[in-house]
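Colleague: Dumping the structure here so I can ask a few things about it.
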Amino acid sequence: MRWLLFIFLCVTLLSCNDHVIFQEREELPEMIWKYSNPLEFSTEIADKDESFNIYLDIEHSRDFAYGNLYSGITVIAPSRDTTFHRISIDLADKLGQWLGTCKGNECSRQFLIAEEYQIAEAGNYKIIIEQYSREEDLPGIKSIELTIHAAE
């Protein structure tokens, strides 16, 4: 009976990843995100009738000087139609405690940036993520990961 429960649990956990359409991480050189270093992701989306949940995972040091991260996100459709979204990602609460998971000197926070996102056409999409803070160089950001899931 335990063996059957173990197999069921493994299948359930593995099936959660079946809905990942795209996942890519960009490491930032020297843990500094510069204005001059927008992050570009490209993915093929085949089904225009499906909706998507889009996440950003931010890895940062505990020494990051701010409680939030301002970003600009540009989505370029296959037809070259472009949409721009400005977002603020809370990395710490109002008391300065880091949100997400921290181990050692690094913290990680997943943020839902779009829920049930609909696209107008199938094809290759380009997603550009820019740091949008007041500082030219933003030290303390280790990596940004973009993940697109099929919405259920």
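Ligands are numbered from 1 in the order shown, chains are lettered A, B, ... in the order of the structure tokens, and residues start at 1 in each chain.
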Show me, as a PyMOL selection string, the residues that have an atom within 8 Å of range 140-151 of chain A when counting only C-alpha atoms, minus same-chain residues fewer than 3 positions from it.
Modeller: chain A and resi 19-33+41+50-65+115-116
Colleague: Please save N, CA and C atoms of the selected residues as a tab-separated table (two decimals), in the first residue's frame.
Modeller:
chain	number	residue	atom	x	y	z
A	19	HIS	N	2.51	21.40	-17.24
A	19	HIS	CA	1.85	22.62	-17.69
A	19	HIS	C	2.82	23.77	-17.94
A	20	VAL	N	4.11	23.53	-17.77
A	20	VAL	CA	5.11	24.57	-18.04
A	20	VAL	C	5.31	24.67	-19.55
A	21	ILE	N	5.00	25.84	-20.10
A	21	ILE	CA	5.15	26.09	-21.53
A	21	ILE	C	6.56	26.58	-21.83
A	22	PHE	N	7.08	27.40	-20.91
A	22	PHE	CA	8.40	28.02	-21.11
A	22	PHE	C	9.00	28.32	-19.75
A	23	GLN	N	10.32	28.11	-19.64
A	23	GLN	CA	11.03	28.46	-18.41
A	23	GLN	C	12.48	28.73	-18.77
A	24	GLU	N	12.94	29.93	-18.41
A	24	GLU	CA	14.34	30.29	-18.68
A	24	GLU	C	14.82	31.27	-17.63
A	25	ARG	N	16.06	31.05	-17.18
A	25	ARG	CA	16.68	31.90	-16.16
A	25	ARG	C	17.84	32.66	-16.79
A	26	GLU	N	17.94	33.94	-16.44
A	26	GLU	CA	19.07	34.79	-16.85
A	26	GLU	C	19.84	35.19	-15.61
A	27	GLU	N	21.11	34.80	-15.56
A	27	GLU	CA	22.00	35.22	-14.48
A	27	GLU	C	22.55	36.61	-14.81
A	28	LEU	N	22.61	37.48	-13.83
A	28	LEU	CA	23.11	38.84	-14.06
A	28	LEU	C	24.58	38.93	-13.68
A	29	PRO	N	25.41	39.44	-14.60
A	29	PRO	CA	26.84	39.53	-14.32
A	29	PRO	C	27.13	40.35	-13.06
A	30	GLU	N	27.94	39.79	-12.19
A	30	GLU	CA	28.37	40.45	-10.95
A	30	GLU	C	27.20	40.85	-10.05
A	31	MET	N	26.04	40.20	-10.23
A	31	MET	CA	24.82	40.50	-9.45
A	31	MET	C	24.43	41.97	-9.55
A	32	ILE	N	24.58	42.54	-10.75
A	32	ILE	CA	24.18	43.94	-10.99
A	32	ILE	C	23.28	43.96	-12.22
A	33	TRP	N	22.07	44.51	-12.05
A	33	TRP	CA	21.16	44.66	-13.18
A	33	TRP	C	21.25	46.09	-13.66
A	41	PHE	N	13.71	37.18	-23.72
A	41	PHE	CA	13.27	35.79	-23.78
A	41	PHE	C	12.45	35.62	-25.05
A	50	GLU	N	-5.52	29.13	-25.69
A	50	GLU	CA	-5.16	28.78	-24.32
A	50	GLU	C	-4.81	30.06	-23.56
A	51	SER	N	-5.04	30.05	-22.26
A	51	SER	CA	-4.62	31.19	-21.43
A	51	SER	C	-3.43	30.75	-20.57
A	52	PHE	N	-2.66	31.74	-20.11
A	52	PHE	CA	-1.39	31.46	-19.46
A	52	PHE	C	-1.23	32.25	-18.17
A	53	ASN	N	-0.54	31.65	-17.21
A	53	ASN	CA	-0.09	32.35	-16.01
A	53	ASN	C	1.41	32.57	-16.17
A	54	ILE	N	1.84	33.80	-15.96
A	54	ILE	CA	3.24	34.17	-16.20
A	54	ILE	C	3.86	34.61	-14.87
A	55	TYR	N	5.00	34.02	-14.57
A	55	TYR	CA	5.69	34.27	-13.30
A	55	TYR	C	7.10	34.80	-13.53
A	56	LEU	N	7.54	35.65	-12.61
A	56	LEU	CA	8.95	36.02	-12.52
A	56	LEU	C	9.47	35.50	-11.19
A	57	ASP	N	10.62	34.86	-11.24
A	57	ASP	CA	11.34	34.46	-10.03
A	57	ASP	C	12.56	35.36	-9.92
A	58	ILE	N	12.65	36.08	-8.82
A	58	ILE	CA	13.75	37.01	-8.60
A	58	ILE	C	14.65	36.42	-7.51
A	59	GLU	N	15.93	36.26	-7.81
A	59	GLU	CA	16.92	35.88	-6.81
A	59	GLU	C	17.75	37.12	-6.49
A	60	HIS	N	17.84	37.46	-5.21
A	60	HIS	CA	18.58	38.66	-4.81
A	60	HIS	C	19.33	38.39	-3.52
A	61	SER	N	20.27	39.26	-3.22
A	61	SER	CA	21.03	39.13	-1.97
A	61	SER	C	20.25	39.82	-0.85
A	62	ARG	N	20.57	39.44	0.36
A	62	ARG	CA	19.96	40.11	1.52
A	62	ARG	C	20.44	41.56	1.60
A	63	ASP	N	21.51	41.87	0.89
A	63	ASP	CA	22.06	43.23	0.88
A	63	ASP	C	21.36	44.14	-0.14
A	64	PHE	N	20.39	43.61	-0.87
A	64	PHE	CA	19.67	44.44	-1.84
A	64	PHE	C	19.08	45.63	-1.10
A	65	ALA	N	19.28	46.82	-1.64
A	65	ALA	CA	18.99	48.05	-0.90
A	65	ALA	C	17.52	48.46	-0.88
A	115	GLU	N	-2.12	36.76	-14.87
A	115	GLU	CA	-2.96	35.59	-14.63
A	115	GLU	C	-3.97	35.45	-15.76
A	116	GLU	N	-4.08	34.22	-16.27
A	116	GLU	CA	-4.99	33.92	-17.38
A	116	GLU	C	-4.77	34.86	-18.56
Colleague: Mind listing the strand (DSSP E) residues of chain A, per DSSP on the backbone, as a VMD selection string?
Modeller: chain A and resid 20 to 27 32 to 34 39 to 45 51 to 61 68 to 76 82 to 90 101 to 103 106 to 118 123 to 131 137 to 139 141 to 150
Colleague: What parts of chain A does DSSP call helix (DSSP H, G or I)? I'd like the answer as an MDAnalysis selection string.
Modeller: chainID A and resid 2:19 29:31
Colleague: Would you output that residue set with N, CA and C atoms, as a PDB file, in the first residue's frame?
Modeller:
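So the final result, stored in result_26.pdb, reads:
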ATOM      1  N   ARG A   2       1.935   1.270   0.810  1.00  0.00           N
ATOM      2  CA  ARG A   2       2.823   2.429   0.837  1.00  0.00           C
ATOM      3  C   ARG A   2       3.456   2.658  -0.523  1.00  0.00           C
ATOM      4  N   TRP A   3       3.825   1.584  -1.174  1.00  0.00           N
ATOM      5  CA  TRP A   3       4.456   1.676  -2.498  1.00  0.00           C
ATOM      6  C   TRP A   3       3.501   2.337  -3.494  1.00  0.00           C
ATOM      7  N   LEU A   4       2.229   1.975  -3.454  1.00  0.00           N
ATOM      8  CA  LEU A   4       1.224   2.554  -4.343  1.00  0.00           C
ATOM      9  C   LEU A   4       1.045   4.043  -4.047  1.00  0.00           C
ATOM     10  N   LEU A   5       1.031   4.407  -2.782  1.00  0.00           N
ATOM     11  CA  LEU A   5       0.919   5.810  -2.392  1.00  0.00           C
ATOM     12  C   LEU A   5       2.130   6.606  -2.877  1.00  0.00           C
ATOM     13  N   PHE A   6       3.325   6.019  -2.751  1.00  0.00           N
ATOM     14  CA  PHE A   6       4.545   6.667  -3.222  1.00  0.00           C
ATOM     15  C   PHE A   6       4.487   6.912  -4.735  1.00  0.00           C
ATOM     16  N   ILE A   7       4.062   5.929  -5.498  1.00  0.00           N
ATOM     17  CA  ILE A   7       3.959   6.072  -6.959  1.00  0.00           C
ATOM     18  C   ILE A   7       2.939   7.151  -7.310  1.00  0.00           C
ATOM     19  N   PHE A   8       1.794   7.161  -6.637  1.00  0.00           N
ATOM     20  CA  PHE A   8       0.771   8.178  -6.889  1.00  0.00           C
ATOM     21  C   PHE A   8       1.315   9.578  -6.607  1.00  0.00           C
ATOM     22  N   LEU A   9       2.041   9.719  -5.507  1.00  0.00           N
ATOM     23  CA  LEU A   9       2.620  11.011  -5.150  1.00  0.00           C
ATOM     24  C   LEU A   9       3.630  11.468  -6.200  1.00  0.00           C
ATOM     25  N   CYS A  10       4.485  10.565  -6.662  1.00  0.00           N
ATOM     26  CA  CYS A  10       5.477  10.905  -7.693  1.00  0.00           C
ATOM     27  C   CYS A  10       4.807  11.345  -8.987  1.00  0.00           C
ATOM     28  N   VAL A  11       3.793  10.620  -9.409  1.00  0.00           N
ATOM     29  CA  VAL A  11       3.085  10.972 -10.646  1.00  0.00           C
ATOM     30  C   VAL A  11       2.409  12.329 -10.500  1.00  0.00           C
ATOM     31  N   THR A  12       1.813  12.581  -9.351  1.00  0.00           N
ATOM     32  CA  THR A  12       1.155  13.866  -9.108  1.00  0.00           C
ATOM     33  C   THR A  12       2.155  15.012  -9.160  1.00  0.00           C
ATOM     34  N   LEU A  13       3.292  14.847  -8.501  1.00  0.00           N
ATOM     35  CA  LEU A  13       4.300  15.907  -8.498  1.00  0.00           C
ATOM     36  C   LEU A  13       4.887  16.127  -9.879  1.00  0.00           C
ATOM     37  N   LEU A  14       5.141  15.073 -10.608  1.00  0.00           N
ATOM     38  CA  LEU A  14       5.698  15.215 -11.951  1.00  0.00           C
ATOM     39  C   LEU A  14       4.698  15.838 -12.912  1.00  0.00           C
ATOM     40  N   SER A  15       3.424  15.568 -12.727  1.00  0.00           N
ATOM     41  CA  SER A  15       2.426  16.119 -13.644  1.00  0.00           C
ATOM     42  C   SER A  15       2.271  17.620 -13.482  1.00  0.00           C
ATOM     43  N   CYS A  16       2.665  18.181 -12.341  1.00  0.00           N
ATOM     44  CA  CYS A  16       2.595  19.632 -12.148  1.00  0.00           C
ATOM     45  C   CYS A  16       3.469  20.354 -13.161  1.00  0.00           C
ATOM     46  N   ASN A  17       4.592  19.769 -13.547  1.00  0.00           N
ATOM     47  CA  ASN A  17       5.500  20.396 -14.499  1.00  0.00           C
ATOM     48  C   ASN A  17       5.032  20.257 -15.935  1.00  0.00           C
ATOM     49  N   ASP A  18       4.027  19.410 -16.187  1.00  0.00           N
ATOM     50  CA  ASP A  18       3.534  19.225 -17.548  1.00  0.00           C
ATOM     51  C   ASP A  18       2.935  20.504 -18.111  1.00  0.00           C
ATOM     52  N   HIS A  19       2.515  21.402 -17.244  1.00  0.00           N
ATOM     53  CA  HIS A  19       1.850  22.617 -17.692  1.00  0.00           C
ATOM     54  C   HIS A  19       2.819  23.767 -17.937  1.00  0.00           C
ATOM     55  N   PRO A  29      25.406  39.439 -14.595  1.00  0.00           N
ATOM     56  CA  PRO A  29      26.845  39.533 -14.324  1.00  0.00           C
ATOM     57  C   PRO A  29      27.127  40.345 -13.061  1.00  0.00           C
ATOM     58  N   GLU A  30      27.940  39.794 -12.186  1.00  0.00           N
ATOM     59  CA  GLU A  30      28.366  40.445 -10.948  1.00  0.00           C
ATOM     60  C   GLU A  30      27.196  40.854 -10.052  1.00  0.00           C
ATOM     61  N   MET A  31      26.035  40.200 -10.230  1.00  0.00           N
ATOM     62  CA  MET A  31      24.819  40.496  -9.454  1.00  0.00           C
ATOM     63  C   MET A  31      24.425  41.973  -9.547  1.00  0.00           C
TER      64      MET A  31
END
Colleague: Quick one, how far is CA of Lys126 in chain A from CA of Ala77 in chain A?
Modeller: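 CA of Ala77 in chain A lies 6.8 Å from CA of Lys126 in chain A.
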Colleague: Write out as JSON, numbers by chain each polymer residue whose atoms come within 12 Å of Tyr70 in chain A, counting only C-alpha atoms; drop sequence neighbours fewer than 4 positions from it.
Modeller: {"A": [33, 35, 58, 66, 85, 86, 87, 88, 89, 90, 91, 129, 130, 131, 132, 133, 134, 135, 138]}
Colleague: I need the chosen residues saved as a short mmCIF file (atom, residue, chain, number, x, y, z; two decimals), in the first residue's frame, with N, CA and C atoms.
Modeller:
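Dumped everything to selection.cif:
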data_model
loop_
_atom_site.label_atom_id
_atom_site.label_comp_id
_atom_site.auth_asym_id
_atom_site.auth_seq_id
_atom_site.Cartn_x
_atom_site.Cartn_y
_atom_site.Cartn_z
N TRP A 33 22.07 44.51 -12.05
CA TRP A 33 21.16 44.66 -13.18
C TRP A 33 21.25 46.09 -13.66
N TYR A 35 20.53 49.27 -16.54
CA TYR A 35 19.57 49.72 -17.55
C TYR A 35 19.96 49.18 -18.92
N ILE A 58 12.65 36.08 -8.82
CA ILE A 58 13.75 37.01 -8.60
C ILE A 58 14.65 36.42 -7.51
N TYR A 66 16.66 47.78 -1.63
CA TYR A 66 15.27 48.22 -1.76
C TYR A 66 14.30 47.12 -1.38
N HIS A 85 4.11 46.77 -20.02
CA HIS A 85 3.55 46.75 -18.67
C HIS A 85 4.64 47.19 -17.70
N ARG A 86 4.32 48.11 -16.82
CA ARG A 86 5.24 48.52 -15.76
C ARG A 86 4.76 47.86 -14.47
N ILE A 87 5.66 47.18 -13.77
CA ILE A 87 5.26 46.48 -12.55
C ILE A 87 6.22 46.81 -11.41
N SER A 88 5.72 46.65 -10.21
CA SER A 88 6.53 46.75 -9.00
C SER A 88 6.41 45.43 -8.27
N ILE A 89 7.53 44.78 -8.03
CA ILE A 89 7.55 43.49 -7.35
C ILE A 89 8.02 43.72 -5.92
N ASP A 90 7.14 43.42 -4.97
CA ASP A 90 7.50 43.56 -3.56
C ASP A 90 8.44 42.42 -3.17
N LEU A 91 9.63 42.78 -2.72
CA LEU A 91 10.60 41.79 -2.25
C LEU A 91 10.63 41.73 -0.73
N ILE A 129 12.42 42.13 -20.45
CA ILE A 129 12.26 42.60 -19.08
C ILE A 129 13.40 43.56 -18.78
N GLU A 130 13.03 44.79 -18.39
CA GLU A 130 14.02 45.83 -18.11
C GLU A 130 13.93 46.23 -16.64
N GLN A 131 15.05 46.59 -16.06
CA GLN A 131 14.99 47.18 -14.73
C GLN A 131 14.56 48.63 -14.92
N TYR A 132 13.64 49.06 -14.08
CA TYR A 132 12.98 50.34 -14.27
C TYR A 132 13.09 51.22 -13.02
N SER A 133 14.17 51.06 -12.27
CA SER A 133 14.33 51.84 -11.05
C SER A 133 14.97 53.19 -11.36
N ARG A 134 15.20 53.96 -10.32
CA ARG A 134 15.83 55.28 -10.49
C ARG A 134 17.34 55.17 -10.62
N GLU A 135 17.87 54.01 -10.30
CA GLU A 135 19.32 53.79 -10.34
C GLU A 135 19.73 53.17 -11.67
N LEU A 138 21.71 48.41 -10.57
CA LEU A 138 20.97 47.89 -9.42
C LEU A 138 21.71 46.68 -8.85
#
Colleague: Which is closest to Ile127 in chain A among A:Thr82, A:Ala46, A:Leu69, A:Ser36, if we use only C-alpha atoms?
Modeller: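 Of A:Thr82, A:Ala46, A:Leu69, A:Ser36, the one nearest Ile127 in chain A, counting only C-alpha atoms, is A:Thr82.
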Colleague: What's the 10 Å shell around Tyr125 in chain A, counting only C-alpha atoms, without same-chain residues fewer than 3 positions away, as JSON, numbers by chain?
Modeller: {"A": [41, 42, 43, 44, 45, 75, 76, 77, 78, 79, 80, 119, 121, 122, 128]}
Colleague: Measure the distance from CA of Tyr117 in chain A to CA of Gly67 in chain A in Å and round it to one decimal.
Modeller: 26.7 Å
Colleague: Which value, in Å to one decimal, gives the distance between CA of Lys34 in chain A and CA of Ser71 in chain A?
Modeller: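 Spanning CA of Lys34 in chain A to CA of Ser71 in chain A is a straight-line distance of 11.6 Å.
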